[in-house]
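Undergrad: work-v4.pdb is the file, holding PDB, C-alpha atoms and all ligand atoms:
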MODEL        1
ATOM      1  CA  MET S   1     -17.564  15.909  68.113  1.00  0.00           C
ATOM      2  CA  SER S   2     -19.275  14.852  71.284  1.00  0.00           C
ATOM      3  CA  ASP S   3     -17.701  15.780  74.608  1.00  0.00           C
ATOM      4  CA  THR S   4     -18.255  12.210  75.784  1.00  0.00           C
ATOM      5  CA  ILE S   5     -15.888  10.854  73.160  1.00  0.00           C
ATOM      6  CA  LEU S   6     -13.184  13.387  74.038  1.00  0.00           C
ATOM      7  CA  THR S   7     -13.575  12.813  77.768  1.00  0.00           C
ATOM      8  CA  ARG S   8     -13.458   9.028  77.435  1.00  0.00           C
ATOM      9  CA  LEU S   9     -10.492   9.271  75.117  1.00  0.00           C
ATOM     10  CA  LYS S  10      -8.649  11.444  77.626  1.00  0.00           C
ATOM     11  CA  ASN S  11      -9.438   9.020  80.449  1.00  0.00           C
ATOM     12  CA  ASN S  12      -8.392   5.961  78.461  1.00  0.00           C
ATOM     13  CA  LEU S  13      -5.147   7.214  76.977  1.00  0.00           C
ATOM     14  CA  SER S  14      -1.822   8.528  78.170  1.00  0.00           C
ATOM     15  CA  PHE S  15      -1.171  12.225  77.511  1.00  0.00           C
ATOM     16  CA  TYR S  16       1.203  11.263  74.721  1.00  0.00           C
ATOM     17  CA  ARG S  17      -1.341   9.060  72.979  1.00  0.00           C
ATOM     18  CA  PHE S  18      -4.196  11.504  73.453  1.00  0.00           C
ATOM     19  CA  ASN S  19      -2.119  14.143  71.718  1.00  0.00           C
ATOM     20  CA  HIS S  20      -1.148  11.690  68.954  1.00  0.00           C
ATOM     21  CA  SER S  21      -4.843  10.850  68.422  1.00  0.00           C
ATOM     22  CA  ARG S  22      -5.782  14.498  67.999  1.00  0.00           C
ATOM     23  CA  GLN S  23      -2.978  14.987  65.505  1.00  0.00           C
ATOM     24  CA  VAL S  24      -4.020  11.890  63.532  1.00  0.00           C
ATOM     25  CA  ALA S  25      -7.584  13.232  63.455  1.00  0.00           C
ATOM     26  CA  GLU S  26      -6.442  16.606  62.079  1.00  0.00           C
ATOM     27  CA  GLU S  27      -4.093  15.043  59.539  1.00  0.00           C
ATOM     28  CA  ALA S  28      -6.775  12.564  58.412  1.00  0.00           C
ATOM     29  CA  LYS S  29      -9.304  15.384  58.010  1.00  0.00           C
ATOM     30  CA  LYS S  30      -6.853  17.351  55.883  1.00  0.00           C
ATOM     31  CA  LEU S  31      -6.170  14.331  53.666  1.00  0.00           C
ATOM     32  CA  ALA S  32      -9.893  13.602  53.407  1.00  0.00           C
ATOM     33  CA  TYR S  33     -10.517  17.051  51.916  1.00  0.00           C
ATOM     34  CA  ARG S  34      -7.607  16.497  49.550  1.00  0.00           C
ATOM     35  CA  TRP S  35      -8.744  13.015  48.433  1.00  0.00           C
ATOM     36  CA  GLU S  36     -12.451  13.733  48.510  1.00  0.00           C
ATOM     37  CA  VAL S  37     -13.760  11.454  51.189  1.00  0.00           C
ATOM     38  CA  ASN S  38     -15.941  12.450  54.119  1.00  0.00           C
ATOM     39  CA  PRO S  39     -13.787  14.654  56.431  1.00  0.00           C
ATOM     40  CA  GLU S  40     -15.975  13.996  59.464  1.00  0.00           C
ATOM     41  CA  GLN S  41     -15.543  10.235  59.153  1.00  0.00           C
ATOM     42  CA  ALA S  42     -11.795  10.715  58.689  1.00  0.00           C
ATOM     43  CA  PHE S  43     -11.558  12.983  61.745  1.00  0.00           C
ATOM     44  CA  LEU S  44     -13.566  10.581  63.916  1.00  0.00           C
ATOM     45  CA  ALA S  45     -11.642   7.484  62.784  1.00  0.00           C
ATOM     46  CA  GLY S  46      -8.352   9.311  63.385  1.00  0.00           C
ATOM     47  CA  LEU S  47      -9.451  10.493  66.805  1.00  0.00           C
ATOM     48  CA  VAL S  48     -10.488   7.082  68.138  1.00  0.00           C
ATOM     49  CA  HIS S  49      -8.162   4.771  66.162  1.00  0.00           C
ATOM     50  CA  ASP S  50      -6.035   4.096  69.277  1.00  0.00           C
ATOM     51  CA  TYR S  51      -8.887   4.247  71.796  1.00  0.00           C
ATOM     52  CA  ALA S  52      -8.106   0.684  72.933  1.00  0.00           C
ATOM     53  CA  ARG S  53      -4.308   1.087  72.764  1.00  0.00           C
ATOM     54  CA  ASP S  54      -3.611   1.296  76.492  1.00  0.00           C
ATOM     55  CA  LEU S  55      -5.877  -1.576  77.583  1.00  0.00           C
ATOM     56  CA  SER S  56      -4.275  -4.802  78.795  1.00  0.00           C
ATOM     57  CA  PRO S  57      -3.773  -7.621  76.259  1.00  0.00           C
ATOM     58  CA  GLU S  58      -6.130  -9.800  78.335  1.00  0.00           C
ATOM     59  CA  ARG S  59      -8.940  -7.256  78.144  1.00  0.00           C
ATOM     60  CA  LEU S  60      -8.310  -6.682  74.453  1.00  0.00           C
ATOM     61  CA  GLN S  61      -8.425 -10.408  73.779  1.00  0.00           C
ATOM     62  CA  SER S  62     -11.930 -10.538  75.184  1.00  0.00           C
ATOM     63  CA  PHE S  63     -12.994  -8.189  72.363  1.00  0.00           C
ATOM     64  CA  LEU S  64     -11.194  -9.929  69.514  1.00  0.00           C
ATOM     65  CA  PRO S  65     -13.568 -11.396  66.944  1.00  0.00           C
ATOM     66  CA  SER S  66     -13.841 -15.155  67.416  1.00  0.00           C
ATOM     67  CA  PHE S  67     -13.332 -15.807  63.684  1.00  0.00           C
ATOM     68  CA  LEU S  68      -9.845 -14.285  63.766  1.00  0.00           C
ATOM     69  CA  GLU S  69      -7.021 -16.457  62.397  1.00  0.00           C
ATOM     70  CA  ALA S  70      -4.840 -18.213  64.988  1.00  0.00           C
ATOM     71  CA  GLU S  71      -1.788 -16.152  64.012  1.00  0.00           C
ATOM     72  CA  ALA S  72      -3.441 -12.863  65.031  1.00  0.00           C
ATOM     73  CA  TRP S  73      -3.827 -14.108  68.617  1.00  0.00           C
ATOM     74  CA  GLN S  74      -0.020 -14.373  68.761  1.00  0.00           C
ATOM     75  CA  ILE S  75       0.608 -10.691  67.921  1.00  0.00           C
ATOM     76  CA  PRO S  76      -0.416  -8.493  70.896  1.00  0.00           C
ATOM     77  CA  SER S  77       0.744  -5.264  69.206  1.00  0.00           C
ATOM     78  CA  ILE S  78      -2.190  -5.457  66.778  1.00  0.00           C
ATOM     79  CA  PHE S  79      -4.882  -6.421  69.316  1.00  0.00           C
ATOM     80  CA  HIS S  80      -5.912  -2.791  69.884  1.00  0.00           C
ATOM     81  CA  ALA S  81      -6.650  -2.352  66.160  1.00  0.00           C
ATOM     82  CA  LEU S  82      -8.470  -5.650  65.654  1.00  0.00           C
ATOM     83  CA  ALA S  83     -10.501  -5.280  68.854  1.00  0.00           C
ATOM     84  CA  GLY S  84     -10.960  -1.517  68.342  1.00  0.00           C
ATOM     85  CA  PRO S  85     -14.218  -1.659  66.367  1.00  0.00           C
ATOM     86  CA  SER S  86     -16.053  -3.740  69.007  1.00  0.00           C
ATOM     87  CA  ILE S  87     -14.787  -1.529  71.821  1.00  0.00           C
ATOM     88  CA  VAL S  88     -15.629   1.832  70.241  1.00  0.00           C
ATOM     89  CA  LYS S  89     -19.014   0.496  69.221  1.00  0.00           C
ATOM     90  CA  LYS S  90     -19.759  -0.569  72.779  1.00  0.00           C
ATOM     91  CA  GLU S  91     -18.186   2.329  74.691  1.00  0.00           C
ATOM     92  CA  LEU S  92     -18.478   5.282  72.304  1.00  0.00           C
ATOM     93  CA  ASP S  93     -21.556   4.222  70.348  1.00  0.00           C
ATOM     94  CA  ILE S  94     -19.764   4.597  67.006  1.00  0.00           C
ATOM     95  CA  CYS S  95     -21.523   2.408  64.449  1.00  0.00           C
ATOM     96  CA  ASP S  96     -20.408   3.770  61.072  1.00  0.00           C
ATOM     97  CA  PHE S  97     -18.855   0.733  59.392  1.00  0.00           C
ATOM     98  CA  ARG S  98     -16.512   2.937  57.296  1.00  0.00           C
ATOM     99  CA  VAL S  99     -15.076   4.414  60.469  1.00  0.00           C
ATOM    100  CA  LEU S 100     -14.923   1.023  62.169  1.00  0.00           C
ATOM    101  CA  ARG S 101     -13.013  -0.629  59.335  1.00  0.00           C
ATOM    102  CA  ALA S 102     -10.493   2.242  59.197  1.00  0.00           C
ATOM    103  CA  ILE S 103      -9.844   1.587  62.902  1.00  0.00           C
ATOM    104  CA  ARG S 104      -9.517  -2.149  62.330  1.00  0.00           C
ATOM    105  CA  TRP S 105      -6.880  -1.796  59.604  1.00  0.00           C
ATOM    106  CA  HIS S 106      -4.959   1.225  60.883  1.00  0.00           C
ATOM    107  CA  ALA S 107      -2.069  -0.822  62.252  1.00  0.00           C
ATOM    108  CA  THR S 108      -1.584  -3.488  59.610  1.00  0.00           C
ATOM    109  CA  GLY S 109      -3.266  -2.526  56.366  1.00  0.00           C
ATOM    110  CA  CYS S 110      -5.039  -5.221  54.360  1.00  0.00           C
ATOM    111  CA  GLU S 111      -5.618  -6.202  50.757  1.00  0.00           C
ATOM    112  CA  GLU S 112      -8.801  -4.214  50.318  1.00  0.00           C
ATOM    113  CA  MET S 113      -8.124  -0.761  51.718  1.00  0.00           C
ATOM    114  CA  THR S 114     -10.659   1.989  51.046  1.00  0.00           C
ATOM    115  CA  THR S 115      -9.468   5.553  50.544  1.00  0.00           C
ATOM    116  CA  LEU S 116     -10.567   6.311  54.101  1.00  0.00           C
ATOM    117  CA  ASP S 117      -8.621   3.287  55.428  1.00  0.00           C
ATOM    118  CA  LYS S 118      -5.496   4.475  53.616  1.00  0.00           C
ATOM    119  CA  ILE S 119      -5.881   8.006  54.923  1.00  0.00           C
ATOM    120  CA  VAL S 120      -6.069   6.868  58.553  1.00  0.00           C
ATOM    121  CA  PHE S 121      -3.199   4.399  58.053  1.00  0.00           C
ATOM    122  CA  VAL S 122      -1.005   7.114  56.535  1.00  0.00           C
ATOM    123  CA  ALA S 123      -2.057   9.811  59.023  1.00  0.00           C
ATOM    124  CA  ASP S 124      -1.259   7.502  61.950  1.00  0.00           C
ATOM    125  CA  PHE S 125       2.272   7.085  60.644  1.00  0.00           C
ATOM    126  CA  SER S 126       2.937  10.633  59.511  1.00  0.00           C
ATOM    127  CA  GLU S 127       1.035  13.070  61.770  1.00  0.00           C
ATOM    128  CA  PRO S 128       3.107  16.186  62.534  1.00  0.00           C
ATOM    129  CA  SER S 129       4.434  15.051  65.920  1.00  0.00           C
ATOM    130  CA  ARG S 130       6.153  12.080  64.226  1.00  0.00           C
ATOM    131  CA  GLU S 131       9.558  13.592  63.621  1.00  0.00           C
ATOM    132  CA  PHE S 132      11.467  10.726  62.021  1.00  0.00           C
ATOM    133  CA  GLU S 133      12.502  11.104  58.406  1.00  0.00           C
ATOM    134  CA  ALA S 134      10.187   8.483  56.874  1.00  0.00           C
ATOM    135  CA  ALA S 135       7.172  10.122  58.526  1.00  0.00           C
ATOM    136  CA  GLN S 136       8.092  13.540  57.189  1.00  0.00           C
ATOM    137  CA  GLU S 137       8.567  12.126  53.703  1.00  0.00           C
ATOM    138  CA  VAL S 138       5.213  10.302  53.801  1.00  0.00           C
ATOM    139  CA  ARG S 139       3.469  13.459  55.045  1.00  0.00           C
ATOM    140  CA  LYS S 140       4.699  15.391  52.030  1.00  0.00           C
ATOM    141  CA  ILE S 141       3.921  12.630  49.522  1.00  0.00           C
ATOM    142  CA  ALA S 142       0.413  12.053  50.896  1.00  0.00           C
ATOM    143  CA  GLU S 143      -0.663  15.438  49.534  1.00  0.00           C
ATOM    144  CA  LYS S 144       0.354  14.465  46.008  1.00  0.00           C
ATOM    145  CA  ASP S 145      -0.115  10.706  45.826  1.00  0.00           C
ATOM    146  CA  LEU S 146      -2.030   8.875  48.547  1.00  0.00           C
ATOM    147  CA  ASN S 147      -1.314   5.402  47.140  1.00  0.00           C
ATOM    148  CA  ARG S 148       2.397   6.026  47.137  1.00  0.00           C
ATOM    149  CA  ALA S 149       2.249   7.366  50.688  1.00  0.00           C
ATOM    150  CA  TYR S 150       0.342   4.223  51.683  1.00  0.00           C
ATOM    151  CA  LEU S 151       2.906   1.960  50.014  1.00  0.00           C
ATOM    152  CA  LEU S 152       5.820   3.786  51.684  1.00  0.00           C
ATOM    153  CA  THR S 153       4.121   3.529  55.076  1.00  0.00           C
ATOM    154  CA  LEU S 154       3.539  -0.176  54.597  1.00  0.00           C
ATOM    155  CA  LYS S 155       7.161  -0.637  53.548  1.00  0.00           C
ATOM    156  CA  ALA S 156       8.508   1.291  56.555  1.00  0.00           C
ATOM    157  CA  LYS S 157       6.353  -0.741  58.928  1.00  0.00           C
ATOM    158  CA  LEU S 158       7.357  -4.083  57.406  1.00  0.00           C
ATOM    159  CA  LEU S 159      11.049  -3.149  57.441  1.00  0.00           C
ATOM    160  CA  TYR S 160      10.773  -2.112  61.085  1.00  0.00           C
ATOM    161  CA  LEU S 161       9.078  -5.364  62.097  1.00  0.00           C
ATOM    162  CA  ILE S 162      11.505  -7.574  60.211  1.00  0.00           C
ATOM    163  CA  SER S 163      14.636  -5.771  61.376  1.00  0.00           C
ATOM    164  CA  ASN S 164      13.440  -5.979  64.970  1.00  0.00           C
ATOM    165  CA  GLN S 165      12.592  -9.697  64.786  1.00  0.00           C
ATOM    166  CA  LYS S 166       8.920  -9.004  65.304  1.00  0.00           C
ATOM    167  CA  PRO S 167       6.079 -11.017  63.771  1.00  0.00           C
ATOM    168  CA  VAL S 168       4.332  -9.750  60.658  1.00  0.00           C
ATOM    169  CA  TYR S 169       0.577 -10.250  60.344  1.00  0.00           C
ATOM    170  CA  SER S 170      -0.153 -11.945  57.026  1.00  0.00           C
ATOM    171  CA  ALA S 171      -2.735  -9.276  56.110  1.00  0.00           C
ATOM    172  CA  SER S 172       0.171  -6.806  55.868  1.00  0.00           C
ATOM    173  CA  LEU S 173       2.119  -9.118  53.575  1.00  0.00           C
ATOM    174  CA  ARG S 174      -0.911  -9.605  51.357  1.00  0.00           C
ATOM    175  CA  ALA S 175      -1.396  -5.838  51.290  1.00  0.00           C
ATOM    176  CA  TRP S 176       2.230  -5.368  50.270  1.00  0.00           C
ATOM    177  CA  ASN S 177       2.069  -8.023  47.551  1.00  0.00           C
ATOM    178  CA  LYS S 178      -1.034  -6.453  46.140  1.00  0.00           C
ATOM    179  CA  GLU S 179       0.389  -2.938  46.161  1.00  0.00           C
ATOM    180  CA  ILE S 180       3.666  -3.823  44.460  1.00  0.00           C
ATOM    181  CA  GLY S 181       1.754  -5.548  41.741  1.00  0.00           C
ATOM    182  CA  ILE S 182       2.219  -9.301  41.913  1.00  0.00           C
ATOM    183  CA  ASN S 183      -1.421  -9.456  40.937  1.00  0.00           C
ATOM    184  CA  GLY S 184      -0.783  -7.425  37.840  1.00  0.00           C
ATOM    185  CA  ARG S 185      -0.896  -3.921  39.312  1.00  0.00           C
ATOM    186  CA  LYS S 186       2.073  -1.563  39.349  1.00  0.00           C
ATOM    187  CA  ALA S 187       2.993   0.614  42.314  1.00  0.00           C
TER     188      ALA S 187
HETATM  189 FE    FE X 201      -2.532   2.003  66.809  1.00  0.00          FE
HETATM  190 FE    FE X 202      -1.795   5.520  66.445  1.00  0.00          FE
ENDMDL
END
Please, can you express the file's structure as structure tokens?
TA:
Amino acid sequence: MSDTILTRLKNNLSFYRFNHSRQVAEEAKKLAYRWEVNPEQAFLAGLVHDYARDLSPERLQSFLPSFLEAEAWQIPSIFHALAGPSIVKKELDICDFRVLRAIRWHATGCEEMTTLDKIVFVADFSEPSREFEAAQEVRKIAEKDLNRAYLLTLKAKLLYLISNQKPVYSASLRAWNKEIGINGRKA
């Protein structure tokens, strides 16, 4: 891991979020070994997934891809994930598309999640400093069944958004529908 990435991460993030990022990186690396994907990609994606998290919505908007659906522009809480790939490419020189897409989908999930995407999504929710019950449950399940851990994470996030009257990005709903099997697959 280059010192530049760590230094920039430290400068860009609050202490709390810097610590969270390191924990996500470690958790993602552990899951990558378990589920046989590249541990270095998992560690890097975990480390920088929230790199853009503390930037202002205005600055983040300037990095959002122009092809993005109109609804996404109305949900500031996901800007840091959707703009993340462009920002880490520009500022940290990270160009690995597998890492970039794991960053892009870490907050919302999507219909076509790779194993690496799922690992970062699950690790973000369940890294060891997350003490709430659902996180602890997901952390345990992720060792045995990554898809189930992914589904439970998606469910917890959707329930949180709906019970708090917050908007749900349609990519998350499509991800949910796919995972519970309306297209013929069983969870
Ligand atoms: Fe995030
Ligand atoms: Fe995060």
Undergrad: Taking the file as shown, what set of residues would the PyMOL selection byres (((chain S and resi 17) around 12) and not hetatm) give back, as a ChimeraX atom specification?
TA: /S:9-16,18-24,46-54,124,129-130
Undergrad: What does the distance between CA of Val37 in chain S and CA of Leu100 in chain S come to in Å, to one decimal place?
TA: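 The value is 15.2 Å.
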Undergrad: If the PyMOL selection byres (((chain S and resi 107-118) around 8) and not hetatm) is run on the structure shown, which residues does it catch, given as an NGL selection string?
TA: :S and (32 or 35 or 37 or 42 or 78 or 81 or 98 or 101-106 or 119-122 or 146-147 or 150 or 154 or 169 or 171-172 or 174-176 or 178)
Undergrad: Can you tell me which residues surround range 67-69 of chain S at a distance of at most 12 Å, considering only C-alpha atoms, apart from same-chain residues fewer than 2 positions away, and format the answer as a ChimeraX atom specification?
TA: /S:61,63-65,71-75,79,82-83,169-171
Undergrad: Interatomic distance between CA of Asn177 in chain S and CA of Gln41 in chain S?
TA: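 Computed distance, CA of Asn177 in chain S to CA of Gln41 in chain S, equals 27.9 Å.
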Undergrad: When you draw a straight line from CA of Ala28 in chain S to CA of Lys140 in chain S, how long is it in Å?
TA: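 Atom-to-atom, CA of Ala28 in chain S and CA of Lys140 in chain S are spaced 13.4 Å apart.
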Undergrad: Using only C-alpha atoms and all ligand atoms, which of S:Val88, S:Ala45, S:Ile141, S:Ile94 sits nearest ligand FE 202 (chain X)?
TA: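 Going through S:Val88, S:Ala45, S:Ile141, S:Ile94 one by one, the smallest distance to ligand FE 202 (chain X) is for S:Ala45.
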Undergrad: Pro128 in chain S: which residues within 8 Å, counting only C-alpha atoms, same-chain residues fewer than 5 positions away excluded, as an MDAnalysis selection string?
TA: chainID S and resid 23 27 136 139
Undergrad: Provide an axis-aligned box for all listed atoms of range 108-124 of chain S, padding each side by 6 Å; report its centre and its edge lengths in Å to one decimal, as AutoDock Vina command-line options.
TA:
--center_x -5.8 --center_y 1.8 --center_z 56.1 --size_x 21.7 --size_y 28.0 --size_z 23.6
Undergrad: Nearest to ligand FE 202 (chain X): which of S:Ala123, S:Cys95, S:Ile5, S:Leu151 is it, counting only C-alpha atoms and all ligand atoms?
TA: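 Closest candidate: S:Ala123.
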Undergrad: Between S:Phe43, S:Glu131, S:Arg34, S:Gly181, which has the minimum distance to Lys144 in chain S (counting only C-alpha atoms)?
TA: S:Arg34
Undergrad: Closest to Ile87 in chain S among S:Leu60, S:Leu158, S:Val168, S:Ala70, using only C-alpha atoms?
TA: S:Leu60
Undergrad: Using all atoms listed in the file, which of S:Lys90, S:Arg59, S:His80, S:Arg148 sits nearest ligand FE 202 (chain X)?
TA: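 Residue with the minimum atom-to-atom distance to ligand FE 202 (chain X): S:His80.
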Undergrad: Ranking S:Ala25, S:Leu92, S:Leu6, S:Ile162 by minimum distance to ligand FE 202 (chain X) and counting all atoms listed in the file, which one comes first?
TA: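 Using all atoms listed in the file, the shortest distance to ligand FE 202 (chain X) belongs to S:Ala25.
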Undergrad: Generate the coordinates of all heavy atoms for range 115-126 of chain S; report them as an mmCIF file, keeping the file's coordinate frame.
TA:
data_model
loop_
_atom_site.group_PDB
_atom_site.id
_atom_site.type_symbol
_atom_site.label_atom_id
_atom_site.label_comp_id
_atom_site.auth_asym_id
_atom_site.auth_seq_id
_atom_site.Cartn_x
_atom_site.Cartn_y
_atom_site.Cartn_z
ATOM 1 N N THR S 115 -10.223 4.288 50.456
ATOM 2 C CA THR S 115 -9.468 5.553 50.544
ATOM 3 C C THR S 115 -9.418 6.025 51.996
ATOM 4 O O THR S 115 -8.374 6.467 52.484
ATOM 5 C CB THR S 115 -10.115 6.631 49.636
ATOM 6 O OG1 THR S 115 -10.164 6.105 48.305
ATOM 7 C CG2 THR S 115 -9.316 7.909 49.630
ATOM 8 N N LEU S 116 -10.543 5.895 52.690
ATOM 9 C CA LEU S 116 -10.567 6.311 54.101
ATOM 10 C C LEU S 116 -9.593 5.464 54.937
ATOM 11 O O LEU S 116 -8.861 5.985 55.780
ATOM 12 C CB LEU S 116 -11.991 6.201 54.662
ATOM 13 C CG LEU S 116 -12.153 6.638 56.113
ATOM 14 C CD1 LEU S 116 -11.875 8.126 56.285
ATOM 15 C CD2 LEU S 116 -13.559 6.329 56.630
ATOM 16 N N ASP S 117 -9.559 4.162 54.699
ATOM 17 C CA ASP S 117 -8.621 3.287 55.428
ATOM 18 C C ASP S 117 -7.181 3.748 55.204
ATOM 19 O O ASP S 117 -6.375 3.816 56.129
ATOM 20 C CB ASP S 117 -8.717 1.835 54.935
ATOM 21 C CG ASP S 117 -10.066 1.188 55.179
ATOM 22 O OD1 ASP S 117 -10.845 1.725 55.991
ATOM 23 O OD2 ASP S 117 -10.341 0.139 54.562
ATOM 24 N N LYS S 118 -6.867 4.053 53.945
ATOM 25 C CA LYS S 118 -5.496 4.475 53.616
ATOM 26 C C LYS S 118 -5.148 5.798 54.296
ATOM 27 O O LYS S 118 -4.040 5.984 54.790
ATOM 28 C CB LYS S 118 -5.330 4.619 52.096
ATOM 29 C CG LYS S 118 -5.289 3.285 51.375
ATOM 30 C CD LYS S 118 -5.129 3.484 49.879
ATOM 31 C CE LYS S 118 -5.166 2.131 49.163
ATOM 32 N NZ LYS S 118 -5.153 2.251 47.705
ATOM 33 N N ILE S 119 -6.119 6.695 54.302
ATOM 34 C CA ILE S 119 -5.881 8.006 54.923
ATOM 35 C C ILE S 119 -5.550 7.857 56.410
ATOM 36 O O ILE S 119 -4.601 8.451 56.919
ATOM 37 C CB ILE S 119 -7.124 8.915 54.700
ATOM 38 C CG1 ILE S 119 -7.094 9.438 53.257
ATOM 39 C CG2 ILE S 119 -7.186 10.056 55.699
ATOM 40 C CD1 ILE S 119 -8.330 10.224 52.850
ATOM 41 N N VAL S 120 -6.307 7.032 57.113
ATOM 42 C CA VAL S 120 -6.069 6.868 58.553
ATOM 43 C C VAL S 120 -4.735 6.136 58.791
ATOM 44 O O VAL S 120 -3.955 6.500 59.672
ATOM 45 C CB VAL S 120 -7.257 6.136 59.226
ATOM 46 C CG1 VAL S 120 -6.978 5.840 60.688
ATOM 47 C CG2 VAL S 120 -8.521 6.976 59.093
ATOM 48 N N PHE S 121 -4.458 5.156 57.967
ATOM 49 C CA PHE S 121 -3.199 4.399 58.053
ATOM 50 C C PHE S 121 -1.999 5.333 57.865
ATOM 51 O O PHE S 121 -1.038 5.310 58.637
ATOM 52 C CB PHE S 121 -3.225 3.329 56.955
ATOM 53 C CG PHE S 121 -2.079 2.359 56.952
ATOM 54 C CD1 PHE S 121 -2.074 1.259 57.800
ATOM 55 C CD2 PHE S 121 -1.013 2.522 56.080
ATOM 56 C CE1 PHE S 121 -1.030 0.331 57.771
ATOM 57 C CE2 PHE S 121 0.040 1.608 56.046
ATOM 58 C CZ PHE S 121 0.017 0.509 56.889
ATOM 59 N N VAL S 122 -2.089 6.179 56.847
ATOM 60 C CA VAL S 122 -1.005 7.114 56.535
ATOM 61 C C VAL S 122 -0.912 8.217 57.598
ATOM 62 O O VAL S 122 0.184 8.571 58.046
ATOM 63 C CB VAL S 122 -1.232 7.717 55.118
ATOM 64 C CG1 VAL S 122 -0.382 8.941 54.875
ATOM 65 C CG2 VAL S 122 -0.958 6.658 54.047
ATOM 66 N N ALA S 123 -2.056 8.735 58.028
ATOM 67 C CA ALA S 123 -2.057 9.811 59.023
ATOM 68 C C ALA S 123 -1.493 9.322 60.355
ATOM 69 O O ALA S 123 -0.782 10.058 61.050
ATOM 70 C CB ALA S 123 -3.480 10.343 59.213
ATOM 71 N N ASP S 124 -1.780 8.082 60.706
ATOM 72 C CA ASP S 124 -1.259 7.502 61.950
ATOM 73 C C ASP S 124 0.271 7.497 61.928
ATOM 74 O O ASP S 124 0.933 7.798 62.917
ATOM 75 C CB ASP S 124 -1.801 6.071 62.088
ATOM 76 C CG ASP S 124 -1.362 5.392 63.376
ATOM 77 O OD1 ASP S 124 -1.147 6.090 64.379
ATOM 78 O OD2 ASP S 124 -1.242 4.149 63.363
ATOM 79 N N PHE S 125 0.820 7.197 60.778
ATOM 80 C CA PHE S 125 2.272 7.085 60.644
ATOM 81 C C PHE S 125 2.949 8.453 60.521
ATOM 82 O O PHE S 125 4.081 8.625 60.965
ATOM 83 C CB PHE S 125 2.574 6.250 59.390
ATOM 84 C CG PHE S 125 4.033 5.999 59.136
ATOM 85 C CD1 PHE S 125 4.723 5.036 59.860
ATOM 86 C CD2 PHE S 125 4.720 6.719 58.157
ATOM 87 C CE1 PHE S 125 6.072 4.798 59.618
ATOM 88 C CE2 PHE S 125 6.066 6.485 57.912
ATOM 89 C CZ PHE S 125 6.745 5.524 58.638
ATOM 90 N N SER S 126 2.240 9.415 59.928
ATOM 91 C CA SER S 126 2.937 10.633 59.511
ATOM 92 C C SER S 126 2.405 11.920 60.133
ATOM 93 O O SER S 126 2.722 13.009 59.658
ATOM 94 C CB SER S 126 2.864 10.742 57.979
ATOM 95 O OG SER S 126 1.521 10.951 57.583
#
